[in-house]
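S.K.: I'm passing along entry-v2.pdb; it holds PDB, N, CA and C atoms.
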ATOM      1  N   ALA H   1       9.310   8.427  11.866
ATOM      2  CA  ALA H   1       8.708   7.619  12.918
ATOM      3  C   ALA H   1       9.202   6.187  12.788
ATOM      4  N   ILE H   2       9.441   5.560  13.898
ATOM      5  CA  ILE H   2       9.816   4.150  13.927
ATOM      6  C   ILE H   2       8.637   3.392  14.520
ATOM      7  N   LEU H   3       7.888   2.746  13.640
ATOM      8  CA  LEU H   3       6.700   1.999  14.045
ATOM      9  C   LEU H   3       6.831   0.544  13.610
ATOM     10  N   ARG H   4       8.053   0.078  13.591
ATOM     11  CA  ARG H   4       8.346  -1.297  13.187
ATOM     12  C   ARG H   4       7.594  -2.264  14.094
ATOM     13  N   GLU H   5       6.873  -3.205  13.455
ATOM     14  CA  GLU H   5       6.094  -4.238  14.138
ATOM     15  C   GLU H   5       4.981  -3.681  15.033
ATOM     16  N   ALA H   6       4.607  -2.425  14.821
ATOM     17  CA  ALA H   6       3.531  -1.815  15.611
ATOM     18  C   ALA H   6       2.186  -2.442  15.258
ATOM     19  N   SER H   7       1.300  -2.508  16.225
ATOM     20  CA  SER H   7      -0.052  -2.994  16.004
ATOM     21  C   SER H   7      -0.953  -1.775  15.800
ATOM     22  N   LEU H   8      -1.334  -1.542  14.544
ATOM     23  CA  LEU H   8      -2.132  -0.372  14.190
ATOM     24  C   LEU H   8      -3.428  -0.797  13.505
ATOM     25  N   ASN H   9      -3.992  -1.915  13.965
ATOM     26  CA  ASN H   9      -5.257  -2.397  13.405
ATOM     27  C   ASN H   9      -6.316  -1.312  13.506
ATOM     28  N   TRP H  10      -7.004  -1.066  12.387
ATOM     29  CA  TRP H  10      -8.103  -0.115  12.301
ATOM     30  C   TRP H  10      -7.707   1.308  12.682
ATOM     31  N   ALA H  11      -6.416   1.618  12.684
ATOM     32  CA  ALA H  11      -5.957   2.968  13.029
ATOM     33  C   ALA H  11      -6.475   3.982  12.013
ATOM     34  N   ILE H  12      -6.803   5.152  12.485
ATOM     35  CA  ILE H  12      -7.230   6.238  11.601
ATOM     36  C   ILE H  12      -6.012   7.143  11.405
ATOM     37  N   LEU H  13      -5.379   6.977  10.260
ATOM     38  CA  LEU H  13      -4.173   7.725   9.928
ATOM     39  C   LEU H  13      -4.399   8.574   8.680
ATOM     40  N   GLU H  14      -5.642   8.979   8.471
ATOM     41  CA  GLU H  14      -5.996   9.785   7.310
ATOM     42  C   GLU H  14      -5.178  11.065   7.304
ATOM     43  N   GLY H  15      -4.491  11.311   6.178
ATOM     44  CA  GLY H  15      -3.692  12.520   6.029
ATOM     45  C   GLY H  15      -2.390  12.511   6.818
ATOM     46  N   ALA H  16      -2.037  11.392   7.425
ATOM     47  CA  ALA H  16      -0.816  11.320   8.236
ATOM     48  C   ALA H  16       0.418  11.551   7.372
ATOM     49  N   ILE H  17       1.394  12.198   7.942
ATOM     50  CA  ILE H  17       2.671  12.416   7.262
ATOM     51  C   ILE H  17       3.650  11.398   7.841
ATOM     52  N   LEU H  18       3.889  10.357   7.049
ATOM     53  CA  LEU H  18       4.746   9.251   7.477
ATOM     54  C   LEU H  18       5.905   9.080   6.496
ATOM     55  N   ILE H  19       6.467  10.201   6.078
ATOM     56  CA  ILE H  19       7.577  10.202   5.134
ATOM     57  C   ILE H  19       8.756   9.450   5.746
ATOM     58  N   GLU H  20       9.241   8.441   5.017
ATOM     59  CA  GLU H  20      10.377   7.611   5.409
ATOM     60  C   GLU H  20      10.169   6.903   6.751
ATOM     61  N   ALA H  21       8.925   6.722   7.164
ATOM     62  CA  ALA H  21       8.633   6.010   8.412
ATOM     63  C   ALA H  21       8.997   4.535   8.276
ATOM     64  N   ASN H  22       9.436   3.954   9.361
ATOM     65  CA  ASN H  22       9.735   2.527   9.375
ATOM     66  C   ASN H  22       8.503   1.806   9.905
ATOM     67  N   LEU H  23       7.777   1.186   8.998
ATOM     68  CA  LEU H  23       6.569   0.427   9.331
ATOM     69  C   LEU H  23       6.750  -1.041   8.948
ATOM     70  N   GLU H  24       8.006  -1.499   8.942
ATOM     71  CA  GLU H  24       8.281  -2.886   8.574
ATOM     72  C   GLU H  24       7.548  -3.831   9.519
ATOM     73  N   ARG H  25       6.873  -4.795   8.919
ATOM     74  CA  ARG H  25       6.110  -5.819   9.634
ATOM     75  C   ARG H  25       5.048  -5.249  10.586
ATOM     76  N   ALA H  26       4.654  -4.004  10.356
ATOM     77  CA  ALA H  26       3.572  -3.411  11.163
ATOM     78  C   ALA H  26       2.242  -4.033  10.752
ATOM     79  N   ASN H  27       1.329  -4.114  11.690
ATOM     80  CA  ASN H  27       0.003  -4.639  11.400
ATOM     81  C   ASN H  27      -0.933  -3.458  11.199
ATOM     82  N   LEU H  28      -1.274  -3.197   9.930
ATOM     83  CA  LEU H  28      -2.146  -2.079   9.551
ATOM     84  C   LEU H  28      -3.473  -2.610   9.012
ATOM     85  N   PHE H  29      -3.916  -3.724   9.562
ATOM     86  CA  PHE H  29      -5.164  -4.371   9.151
ATOM     87  C   PHE H  29      -6.313  -3.367   9.236
ATOM     88  N   GLY H  30      -6.964  -3.092   8.091
ATOM     89  CA  GLY H  30      -8.122  -2.199   8.062
ATOM     90  C   GLY H  30      -7.832  -0.742   8.367
ATOM     91  N   ALA H  31      -6.563  -0.347   8.377
ATOM     92  CA  ALA H  31      -6.205   1.037   8.716
ATOM     93  C   ALA H  31      -6.683   2.010   7.640
ATOM     94  N   ASN H  32      -7.072   3.205   8.064
ATOM     95  CA  ASN H  32      -7.466   4.272   7.148
ATOM     96  C   ASN H  32      -6.233   5.137   6.893
ATOM     97  N   LEU H  33      -5.646   4.963   5.723
ATOM     98  CA  LEU H  33      -4.465   5.730   5.324
ATOM     99  C   LEU H  33      -4.796   6.664   4.161
ATOM    100  N   LYS H  34      -6.056   7.076   4.080
ATOM    101  CA  LYS H  34      -6.484   7.962   2.999
ATOM    102  C   LYS H  34      -5.637   9.231   3.011
ATOM    103  N   SER H  35      -5.095   9.559   1.844
ATOM    104  CA  SER H  35      -4.290  10.771   1.641
ATOM    105  C   SER H  35      -3.043  10.826   2.516
ATOM    106  N   ALA H  36      -2.619   9.701   3.074
ATOM    107  CA  ALA H  36      -1.397   9.674   3.882
ATOM    108  C   ALA H  36      -0.183   9.821   2.979
ATOM    109  N   ASN H  37       0.832  10.488   3.475
ATOM    110  CA  ASN H  37       2.083  10.621   2.735
ATOM    111  C   ASN H  37       3.044   9.567   3.274
ATOM    112  N   LEU H  38       3.181   8.485   2.512
ATOM    113  CA  LEU H  38       4.051   7.372   2.876
ATOM    114  C   LEU H  38       5.270   7.319   1.957
ATOM    115  N   SER H  39       5.635   8.462   1.391
ATOM    116  CA  SER H  39       6.773   8.469   0.473
ATOM    117  C   SER H  39       8.036   8.043   1.214
ATOM    118  N   GLY H  40       8.747   7.101   0.602
ATOM    119  CA  GLY H  40       9.976   6.594   1.197
ATOM    120  C   GLY H  40       9.776   5.696   2.411
ATOM    121  N   ALA H  41       8.537   5.383   2.736
ATOM    122  CA  ALA H  41       8.263   4.555   3.921
ATOM    123  C   ALA H  41       8.700   3.118   3.699
ATOM    124  N   LYS H  42       9.108   2.487   4.773
ATOM    125  CA  LYS H  42       9.499   1.084   4.753
ATOM    126  C   LYS H  42       8.304   0.271   5.239
ATOM    127  N   LEU H  43       7.640  -0.410   4.304
ATOM    128  CA  LEU H  43       6.451  -1.201   4.615
ATOM    129  C   LEU H  43       6.674  -2.680   4.313
ATOM    130  N   GLY H  44       7.933  -3.090   4.242
ATOM    131  CA  GLY H  44       8.253  -4.479   3.951
ATOM    132  C   GLY H  44       7.650  -5.413   4.992
ATOM    133  N   GLY H  45       6.923  -6.413   4.519
ATOM    134  CA  GLY H  45       6.314  -7.389   5.408
ATOM    135  C   GLY H  45       5.130  -6.872   6.203
ATOM    136  N   ALA H  46       4.685  -5.649   5.939
ATOM    137  CA  ALA H  46       3.547  -5.085   6.672
ATOM    138  C   ALA H  46       2.243  -5.775   6.273
ATOM    139  N   ASN H  47       1.317  -5.848   7.202
ATOM    140  CA  ASN H  47      -0.009  -6.397   6.920
ATOM    141  C   ASN H  47      -0.942  -5.234   6.610
ATOM    142  N   LEU H  48      -1.245  -5.055   5.328
ATOM    143  CA  LEU H  48      -2.151  -3.991   4.890
ATOM    144  C   LEU H  48      -3.489  -4.580   4.450
ATOM    145  N   PHE H  49      -3.831  -5.732   4.989
ATOM    146  CA  PHE H  49      -5.085  -6.401   4.636
ATOM    147  C   PHE H  49      -6.252  -5.447   4.888
ATOM    148  N   GLY H  50      -7.001  -5.129   3.838
ATOM    149  CA  GLY H  50      -8.178  -4.276   3.965
ATOM    150  C   GLY H  50      -7.885  -2.816   4.260
ATOM    151  N   ALA H  51      -6.627  -2.397   4.179
ATOM    152  CA  ALA H  51      -6.289  -0.994   4.452
ATOM    153  C   ALA H  51      -6.856  -0.096   3.350
ATOM    154  N   TYR H  52      -7.190   1.120   3.714
ATOM    155  CA  TYR H  52      -7.769   2.097   2.795
ATOM    156  C   TYR H  52      -6.694   3.124   2.457
ATOM    157  N   LEU H  53      -6.129   3.008   1.244
ATOM    158  CA  LEU H  53      -5.027   3.853   0.823
ATOM    159  C   LEU H  53      -5.429   4.826  -0.282
ATOM    160  N   LYS H  54      -6.701   5.216  -0.318
ATOM    161  CA  LYS H  54      -7.163   6.139  -1.360
ATOM    162  C   LYS H  54      -6.334   7.424  -1.309
ATOM    163  N   SER H  55      -5.799   7.788  -2.474
ATOM    164  CA  SER H  55      -5.025   9.022  -2.650
ATOM    165  C   SER H  55      -3.766   9.071  -1.788
ATOM    166  N   ALA H  56      -3.296   7.932  -1.299
ATOM    167  CA  ALA H  56      -2.050   7.900  -0.528
ATOM    168  C   ALA H  56      -0.860   8.065  -1.463
ATOM    169  N   ASN H  57       0.219   8.630  -0.941
ATOM    170  CA  ASN H  57       1.449   8.815  -1.705
ATOM    171  C   ASN H  57       2.422   7.710  -1.306
ATOM    172  N   LEU H  58       2.705   6.808  -2.253
ATOM    173  CA  LEU H  58       3.632   5.704  -2.013
ATOM    174  C   LEU H  58       4.922   5.873  -2.828
ATOM    175  N   SER H  59       5.231   7.085  -3.209
ATOM    176  CA  SER H  59       6.439   7.336  -3.999
ATOM    177  C   SER H  59       7.676   6.899  -3.217
ATOM    178  N   GLY H  60       8.440   5.994  -3.805
ATOM    179  CA  GLY H  60       9.665   5.533  -3.166
ATOM    180  C   GLY H  60       9.467   4.606  -1.987
ATOM    181  N   ALA H  61       8.229   4.211  -1.710
ATOM    182  CA  ALA H  61       7.971   3.314  -0.580
ATOM    183  C   ALA H  61       8.408   1.891  -0.919
ATOM    184  N   ASN H  62       8.792   1.132   0.100
ATOM    185  CA  ASN H  62       9.164  -0.269  -0.066
ATOM    186  C   ASN H  62       8.049  -1.127   0.507
ATOM    187  N   LEU H  63       7.328  -1.821  -0.376
ATOM    188  CA  LEU H  63       6.228  -2.697   0.028
ATOM    189  C   LEU H  63       6.557  -4.177  -0.186
ATOM    190  N   ASN H  64       7.829  -4.499  -0.363
ATOM    191  CA  ASN H  64       8.212  -5.888  -0.586
ATOM    192  C   ASN H  64       7.720  -6.768   0.552
ATOM    193  N   GLY H  65       7.046  -7.845   0.200
ATOM    194  CA  GLY H  65       6.566  -8.795   1.195
ATOM    195  C   GLY H  65       5.328  -8.355   1.950
ATOM    196  N   ALA H  66       4.747  -7.214   1.597
ATOM    197  CA  ALA H  66       3.542  -6.734   2.286
ATOM    198  C   ALA H  66       2.320  -7.537   1.856
ATOM    199  N   ASN H  67       1.376  -7.699   2.768
ATOM    200  CA  ASN H  67       0.092  -8.342   2.478
ATOM    201  C   ASN H  67      -0.856  -7.244   2.013
ATOM    202  N   LEU H  68      -1.270  -7.309   0.748
ATOM    203  CA  LEU H  68      -2.141  -6.276   0.178
ATOM    204  C   LEU H  68      -3.560  -6.783  -0.082
ATOM    205  N   SER H  69      -3.906  -7.939   0.429
ATOM    206  CA  SER H  69      -5.242  -8.501   0.202
ATOM    207  C   SER H  69      -6.324  -7.523   0.642
ATOM    208  N   GLY H  70      -7.191  -7.174  -0.295
ATOM    209  CA  GLY H  70      -8.320  -6.306   0.016
ATOM    210  C   GLY H  70      -7.974  -4.849   0.247
ATOM    211  N   ALA H  71      -6.696  -4.472   0.130
ATOM    212  CA  ALA H  71      -6.321  -3.063   0.303
ATOM    213  C   ALA H  71      -6.903  -2.255  -0.850
ATOM    214  N   TYR H  72      -7.305  -1.026  -0.582
ATOM    215  CA  TYR H  72      -7.920  -0.154  -1.588
ATOM    216  C   TYR H  72      -6.876   0.844  -2.077
ATOM    217  N   PHE H  73      -6.600   0.839  -3.406
ATOM    218  CA  PHE H  73      -5.564   1.684  -3.980
ATOM    219  C   PHE H  73      -6.068   2.761  -4.918
ATOM    220  N   GLY H  74      -7.348   3.074  -4.944
ATOM    221  CA  GLY H  74      -7.877   4.096  -5.840
ATOM    222  C   GLY H  74      -7.210   5.445  -5.621
ATOM    223  N   GLY H  75      -6.687   6.029  -6.686
ATOM    224  CA  GLY H  75      -6.084   7.361  -6.607
ATOM    225  C   GLY H  75      -4.707   7.394  -5.971
ATOM    226  N   THR H  76      -4.153   6.235  -5.649
ATOM    227  CA  THR H  76      -2.831   6.171  -5.030
ATOM    228  C   THR H  76      -1.763   6.602  -6.025
ATOM    229  N   THR H  77      -0.726   7.281  -5.536
ATOM    230  CA  THR H  77       0.395   7.664  -6.396
ATOM    231  C   THR H  77       1.641   6.892  -5.978
ATOM    232  N   TRP H  78       2.516   6.669  -6.958
ATOM    233  CA  TRP H  78       3.774   5.962  -6.744
ATOM    234  C   TRP H  78       4.735   6.443  -7.812
ATOM    235  N   ASN H  79       5.974   5.982  -7.765
ATOM    236  CA  ASN H  79       6.927   6.327  -8.814
ATOM    237  C   ASN H  79       7.839   5.135  -9.087
ATOM    238  N   GLU H  80       8.853   5.357  -9.923
ATOM    239  CA  GLU H  80       9.735   4.261 -10.317
ATOM    240  C   GLU H  80      10.557   3.726  -9.147
ATOM    241  N   ARG H  81      10.671   4.463  -8.062
ATOM    242  CA  ARG H  81      11.416   3.996  -6.887
ATOM    243  C   ARG H  81      10.545   3.186  -5.924
ATOM    244  N   THR H  82       9.242   3.140  -6.165
ATOM    245  CA  THR H  82       8.357   2.341  -5.320
ATOM    246  C   THR H  82       8.648   0.876  -5.573
ATOM    247  N   SER H  83       8.840   0.137  -4.500
ATOM    248  CA  SER H  83       9.147  -1.283  -4.596
ATOM    249  C   SER H  83       7.911  -2.076  -4.180
ATOM    250  N   TRP H  84       7.339  -2.814  -5.137
ATOM    251  CA  TRP H  84       6.098  -3.547  -4.914
ATOM    252  C   TRP H  84       6.380  -5.012  -4.599
ATOM    253  N   PRO H  85       5.454  -5.669  -3.893
ATOM    254  CA  PRO H  85       5.587  -7.120  -3.742
ATOM    255  C   PRO H  85       5.302  -7.807  -5.075
ATOM    256  N   ASP H  86       5.330  -9.095  -5.076
ATOM    257  CA  ASP H  86       5.025  -9.882  -6.260
ATOM    258  C   ASP H  86       3.699  -9.412  -6.867
ATOM    259  N   PRO H  87       3.620  -9.314  -8.219
ATOM    260  CA  PRO H  87       2.374  -8.875  -8.862
ATOM    261  C   PRO H  87       1.145  -9.684  -8.435
ATOM    262  N   ASP H  88       1.322 -10.967  -8.136
ATOM    263  CA  ASP H  88       0.189 -11.775  -7.675
ATOM    264  C   ASP H  88      -0.366 -11.245  -6.356
ATOM    265  N   GLU H  89       0.508 -10.693  -5.515
ATOM    266  CA  GLU H  89       0.061 -10.112  -4.239
ATOM    267  C   GLU H  89      -0.647  -8.789  -4.500
ATOM    268  N   VAL H  90      -0.091  -7.956  -5.372
ATOM    269  CA  VAL H  90      -0.714  -6.669  -5.688
ATOM    270  C   VAL H  90      -2.102  -6.907  -6.286
ATOM    271  N   ALA H  91      -2.242  -7.957  -7.079
ATOM    272  CA  ALA H  91      -3.525  -8.262  -7.724
ATOM    273  C   ALA H  91      -4.630  -8.569  -6.722
ATOM    274  N   LYS H  92      -4.285  -8.848  -5.482
ATOM    275  CA  LYS H  92      -5.276  -9.131  -4.436
ATOM    276  C   LYS H  92      -5.904  -7.853  -3.876
ATOM    277  N   ALA H  93      -5.337  -6.700  -4.237
ATOM    278  CA  ALA H  93      -5.852  -5.413  -3.767
ATOM    279  C   ALA H  93      -7.080  -5.015  -4.584
ATOM    280  N   ARG H  94      -7.757  -3.966  -4.135
ATOM    281  CA  ARG H  94      -8.941  -3.447  -4.824
ATOM    282  C   ARG H  94      -8.620  -2.103  -5.458
ATOM    283  N   SER H  95      -9.315  -1.794  -6.534
ATOM    284  CA  SER H  95      -9.190  -0.506  -7.236
ATOM    285  C   SER H  95      -7.741  -0.173  -7.576
ATOM    286  N   ILE H  96      -7.057  -1.149  -8.120
ATOM    287  CA  ILE H  96      -5.671  -0.943  -8.544
ATOM    288  C   ILE H  96      -5.692  -0.045  -9.778
ATOM    289  N   PRO H  97      -4.955   1.058  -9.769
ATOM    290  CA  PRO H  97      -4.931   1.926 -10.945
ATOM    291  C   PRO H  97      -4.473   1.160 -12.190
ATOM    292  N   ASP H  98      -5.109   1.443 -13.325
ATOM    293  CA  ASP H  98      -4.773   0.768 -14.579
ATOM    294  C   ASP H  98      -3.290   0.904 -14.917
ATOM    295  N   LYS H  99      -2.716   2.065 -14.660
ATOM    296  CA  LYS H  99      -1.303   2.288 -14.965
ATOM    297  C   LYS H  99      -0.425   1.328 -14.156
ATOM    298  N   LEU H 100      -0.776   1.098 -12.902
ATOM    299  CA  LEU H 100       0.000   0.182 -12.070
ATOM    300  C   LEU H 100      -0.152  -1.257 -12.561
ATOM    301  N   LYS H 101      -1.391  -1.624 -12.930
ATOM    302  CA  LYS H 101      -1.606  -2.964 -13.487
ATOM    303  C   LYS H 101      -0.719  -3.171 -14.706
ATOM    304  N   GLU H 102      -0.662  -2.152 -15.559
ATOM    305  CA  GLU H 102       0.152  -2.231 -16.771
ATOM    306  C   GLU H 102       1.637  -2.370 -16.426
ATOM    307  N   GLU H 103       2.110  -1.543 -15.498
ATOM    308  CA  GLU H 103       3.526  -1.572 -15.118
ATOM    309  C   GLU H 103       3.939  -2.921 -14.537
ATOM    310  N   LEU H 104       3.047  -3.538 -13.757
ATOM    311  CA  LEU H 104       3.376  -4.799 -13.087
ATOM    312  C   LEU H 104       2.930  -6.037 -13.860
ATOM    313  N   GLY H 105       2.257  -5.818 -14.996
ATOM    314  CA  GLY H 105       1.803  -6.938 -15.805
ATOM    315  C   GLY H 105       0.668  -7.720 -15.166
ATOM    316  N   ILE H 106      -0.214  -7.009 -14.475
ATOM    317  CA  ILE H 106      -1.355  -7.646 -13.818
ATOM    318  C   ILE H 106      -2.518  -7.688 -14.793
ATOM    319  N   ASN H 107      -3.037  -8.871 -15.036
ATOM    320  CA  ASN H 107      -4.212  -9.031 -15.886
ATOM    321  C   ASN H 107      -5.457  -8.950 -15.012
ATOM    322  N   ASP H 108      -6.472  -8.250 -15.496
ATOM    323  CA  ASP H 108      -7.734  -8.110 -14.771
ATOM    324  C   ASP H 108      -8.748  -9.067 -15.353
ATOM    325  N   PRO H 109      -9.033 -10.187 -14.658
ATOM    326  CA  PRO H 109      -9.982 -11.155 -15.200
ATOM    327  C   PRO H 109     -11.410 -10.620 -15.229
ATOM    328  N   HIS H 110     -11.675  -9.520 -14.537
ATOM    329  CA  HIS H 110     -13.030  -8.962 -14.467
ATOM    330  C   HIS H 110     -13.288  -7.893 -15.517
ATOM    331  N   SER H 111     -12.237  -7.509 -16.277
ATOM    332  CA  SER H 111     -12.436  -6.463 -17.280
ATOM    333  C   SER H 111     -13.150  -7.044 -18.490
ATOM    334  N   THR H 112     -13.865  -6.174 -19.179
ATOM    335  CA  THR H 112     -14.615  -6.628 -20.364
ATOM    336  C   THR H 112     -14.048  -6.022 -21.619
TER     337      THR H 112
END
Can you turn what I pasted into structure tokens?
M.R.:
Amino acid sequence: AILREASLNWAILEGAILIEANLERANLFGANLKSANLSGAKLGGANLFGAYLKSANLSGANLNGANLSGAYFGGTTWNERTSWPDPDEVAKARSIPDKLKEELGINDPHST
């Protein structure tokens, strides 16, 4: 799918198959991407502010320059080909898996 610069605010894309989709600079503000398959997707510069990515597959996805503020990453999967934005941007997300925090060197100021 070519959804470059698409406006998908609050879209319900739960379980969507978006393998290698072009979502560059798409606005996915508050979108429900639970269990979506975004493997190989191009999400560079996308606005994922508040997006719900529980159990989403981000293997090989490119998230460089994406806005991840408030995005929910619980149960999300990724691999060594996943390209993340700056760790400071990833740290703005919620429920970041511990393994991802470790890989990106993100410190959790709320951990005890």
S.K.: In Å to one decimal, how far is atom CA of H:Lys54 from atom CA of H:Leu3?
M.R.: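 The value is 21.1 Å.
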S.K.: Hey, which of H:Phe29, H:Asn22, H:Ala56, H:Gly74 ends up closest to H:Gly44? Count all atoms listed in the file.
M.R.: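 Checking each of H:Phe29, H:Asn22, H:Ala56, H:Gly74 against H:Gly44, counting all atoms listed in the file, the winner is H:Asn22.
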S.K.: With the PyMOL selection byres ((chain H and resi 6-15) around 6) as the selection, what would be picked from this file? Answer as a PyMOL selection string, please.
M.R.: chain H and resi 3-5+16-17+25-37
S.K.: From the list H:Asn47, H:Ser95, H:Thr76, H:Ser83, which residue is nearest H:Asn62 when using all atoms listed in the file?
M.R.: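 Answer, going by the shortest atom-to-atom distance: H:Ser83.
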S.K.: Interatomic distance between atom CA of H:Leu100 and atom C of H:Ala71?
M.R.: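 Pair atom CA of H:Leu100 / atom C of H:Ala71 returns 13.4 Å.
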S.K.: As an exercise, work out the distance from atom CA of H:Trp84 to atom CA of H:Ala66 in Å and give it to one decimal place.
M.R.: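 Atom-to-atom, atom CA of H:Trp84 to atom CA of H:Ala66, that is 8.3 Å.
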S.K.: Please return, as a PyMOL selection string, all residues of chain H that DSSP assigns to helix (DSSP H, G or I) on the basis of the backbone.
M.R.: chain H and resi 87-90+98-104
S.K.: List the residues matched by the PyMOL selection byres ((chain H and resi 21) around 5) in the displayed structure as a PyMOL selection string, ordered by chain and then by residue number.
M.R.: chain H and resi 1+18-20+22-23+40-42
S.K.: Give the answer as one residue: which of H:Ser69, H:Asp98, H:Asn64, H:Lys92 has the shortest atom-to-atom distance to H:Phe49, using all atoms listed in the file?
M.R.: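 Counting all atoms listed in the file, the residue closest to H:Phe49 is H:Ser69.
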S.K.: Would you give the centre and edge lengths, in Å to one decimal, of a box along x, y and z around the listed atoms of stretch 19-35 of chain H, with 4 Å added to each side, as AutoDock Vina command-line options?
M.R.:
--center_x 1.1 --center_y 2.5 --center_z 6.7 --size_x 26.5 --size_y 24.6 --size_z 18.0
S.K.: Run the PyMOL selection byres (((chain H and resi 78 and name CA) around 7) and name CA) against the file shown and list the residues it catches, as a list in words.
M.R.: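 Listing what the PyMOL selection byres (((chain H and resi 78 and name CA) around 7) and name CA) selects in the shown file: Asn57, Leu58, Ser59, Gly60, Thr76, Thr77, Asn79 and Thr82 of chain H.
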S.K.: If you run DSSP on the backbone, which residues of chain H are strand (DSSP E or B), as a list of chain:residue names?
M.R.: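 Taking chain H and keeping strand (DSSP E or B) only, one gets H:Ile2, H:Ser7, H:Ile12, H:Ile17, H:Asn22, H:Asn27, H:Asn32, H:Asn37, H:Lys42, H:Asn47, H:Tyr52, H:Asn57, H:Asn62, H:Asn67, H:Tyr72, H:Thr77, H:Ser83, H:Arg94.
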S.K.: Find, counting all atoms listed in the file, the residue in H:Leu38, H:Leu63, H:Leu43, H:Ile2 that gets nearest to H:Pro85.
M.R.: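 Between H:Leu38, H:Leu63, H:Leu43, H:Ile2, the residue approaching H:Pro85 most closely is H:Leu63.
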S.K.: Taking only N, CA and C atoms into account, which of H:Gly75, H:Arg81, H:Asp86, H:Lys101 comes nearest H:Ala61?
M.R.: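 Selected residue with least distance to H:Ala61: H:Arg81.
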S.K.: Starting from the incomplete input, reconstruct N, CA, C and O atoms of stretch 60-74 of chain H and report them as a PDB file, in the coordinates of the input.
M.R.:
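To be explicit, this is the file written out as out_22.pdb:
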ATOM      1  N   GLY H  60       8.440   5.994  -3.805  1.00  0.00           N
ATOM      2  CA  GLY H  60       9.665   5.533  -3.166  1.00  0.00           C
ATOM      3  C   GLY H  60       9.467   4.606  -1.987  1.00  0.00           C
ATOM      4  O   GLY H  60      10.433   4.239  -1.320  1.00  0.00           O
ATOM      5  N   ALA H  61       8.229   4.211  -1.710  1.00  0.00           N
ATOM      6  CA  ALA H  61       7.971   3.314  -0.580  1.00  0.00           C
ATOM      7  C   ALA H  61       8.408   1.891  -0.919  1.00  0.00           C
ATOM      8  O   ALA H  61       8.392   1.481  -2.073  1.00  0.00           O
ATOM      9  N   ASN H  62       8.792   1.132   0.100  1.00  0.00           N
ATOM     10  CA  ASN H  62       9.164  -0.269  -0.066  1.00  0.00           C
ATOM     11  C   ASN H  62       8.049  -1.127   0.507  1.00  0.00           C
ATOM     12  O   ASN H  62       7.841  -1.162   1.717  1.00  0.00           O
ATOM     13  N   LEU H  63       7.328  -1.821  -0.376  1.00  0.00           N
ATOM     14  CA  LEU H  63       6.228  -2.697   0.028  1.00  0.00           C
ATOM     15  C   LEU H  63       6.557  -4.177  -0.186  1.00  0.00           C
ATOM     16  O   LEU H  63       5.673  -5.019  -0.183  1.00  0.00           O
ATOM     17  N   ASN H  64       7.829  -4.499  -0.363  1.00  0.00           N
ATOM     18  CA  ASN H  64       8.212  -5.888  -0.586  1.00  0.00           C
ATOM     19  C   ASN H  64       7.720  -6.768   0.552  1.00  0.00           C
ATOM     20  O   ASN H  64       7.929  -6.457   1.725  1.00  0.00           O
ATOM     21  N   GLY H  65       7.046  -7.845   0.200  1.00  0.00           N
ATOM     22  CA  GLY H  65       6.566  -8.795   1.195  1.00  0.00           C
ATOM     23  C   GLY H  65       5.328  -8.355   1.950  1.00  0.00           C
ATOM     24  O   GLY H  65       4.870  -9.045   2.857  1.00  0.00           O
ATOM     25  N   ALA H  66       4.747  -7.214   1.597  1.00  0.00           N
ATOM     26  CA  ALA H  66       3.542  -6.734   2.286  1.00  0.00           C
ATOM     27  C   ALA H  66       2.320  -7.537   1.856  1.00  0.00           C
ATOM     28  O   ALA H  66       2.234  -8.001   0.721  1.00  0.00           O
ATOM     29  N   ASN H  67       1.376  -7.699   2.768  1.00  0.00           N
ATOM     30  CA  ASN H  67       0.092  -8.342   2.478  1.00  0.00           C
ATOM     31  C   ASN H  67      -0.856  -7.244   2.013  1.00  0.00           C
ATOM     32  O   ASN H  67      -1.213  -6.360   2.795  1.00  0.00           O
ATOM     33  N   LEU H  68      -1.270  -7.309   0.748  1.00  0.00           N
ATOM     34  CA  LEU H  68      -2.141  -6.276   0.178  1.00  0.00           C
ATOM     35  C   LEU H  68      -3.560  -6.783  -0.082  1.00  0.00           C
ATOM     36  O   LEU H  68      -4.350  -6.086  -0.714  1.00  0.00           O
ATOM     37  N   SER H  69      -3.906  -7.939   0.429  1.00  0.00           N
ATOM     38  CA  SER H  69      -5.242  -8.501   0.202  1.00  0.00           C
ATOM     39  C   SER H  69      -6.324  -7.523   0.642  1.00  0.00           C
ATOM     40  O   SER H  69      -6.339  -7.079   1.790  1.00  0.00           O
ATOM     41  N   GLY H  70      -7.191  -7.174  -0.295  1.00  0.00           N
ATOM     42  CA  GLY H  70      -8.320  -6.306   0.016  1.00  0.00           C
ATOM     43  C   GLY H  70      -7.974  -4.849   0.247  1.00  0.00           C
ATOM     44  O   GLY H  70      -8.855  -4.046   0.526  1.00  0.00           O
ATOM     45  N   ALA H  71      -6.696  -4.472   0.130  1.00  0.00           N
ATOM     46  CA  ALA H  71      -6.321  -3.063   0.303  1.00  0.00           C
ATOM     47  C   ALA H  71      -6.903  -2.255  -0.850  1.00  0.00           C
ATOM     48  O   ALA H  71      -6.983  -2.725  -1.981  1.00  0.00           O
ATOM     49  N   TYR H  72      -7.305  -1.026  -0.582  1.00  0.00           N
ATOM     50  CA  TYR H  72      -7.920  -0.154  -1.588  1.00  0.00           C
ATOM     51  C   TYR H  72      -6.876   0.844  -2.077  1.00  0.00           C
ATOM     52  O   TYR H  72      -6.319   1.610  -1.283  1.00  0.00           O
ATOM     53  N   PHE H  73      -6.600   0.839  -3.406  1.00  0.00           N
ATOM     54  CA  PHE H  73      -5.564   1.684  -3.980  1.00  0.00           C
ATOM     55  C   PHE H  73      -6.068   2.761  -4.918  1.00  0.00           C
ATOM     56  O   PHE H  73      -5.281   3.350  -5.654  1.00  0.00           O
ATOM     57  N   GLY H  74      -7.348   3.074  -4.944  1.00  0.00           N
ATOM     58  CA  GLY H  74      -7.877   4.096  -5.840  1.00  0.00           C
ATOM     59  C   GLY H  74      -7.210   5.445  -5.621  1.00  0.00           C
ATOM     60  O   GLY H  74      -7.144   5.935  -4.507  1.00  0.00           O
TER      61      GLY H  74
END
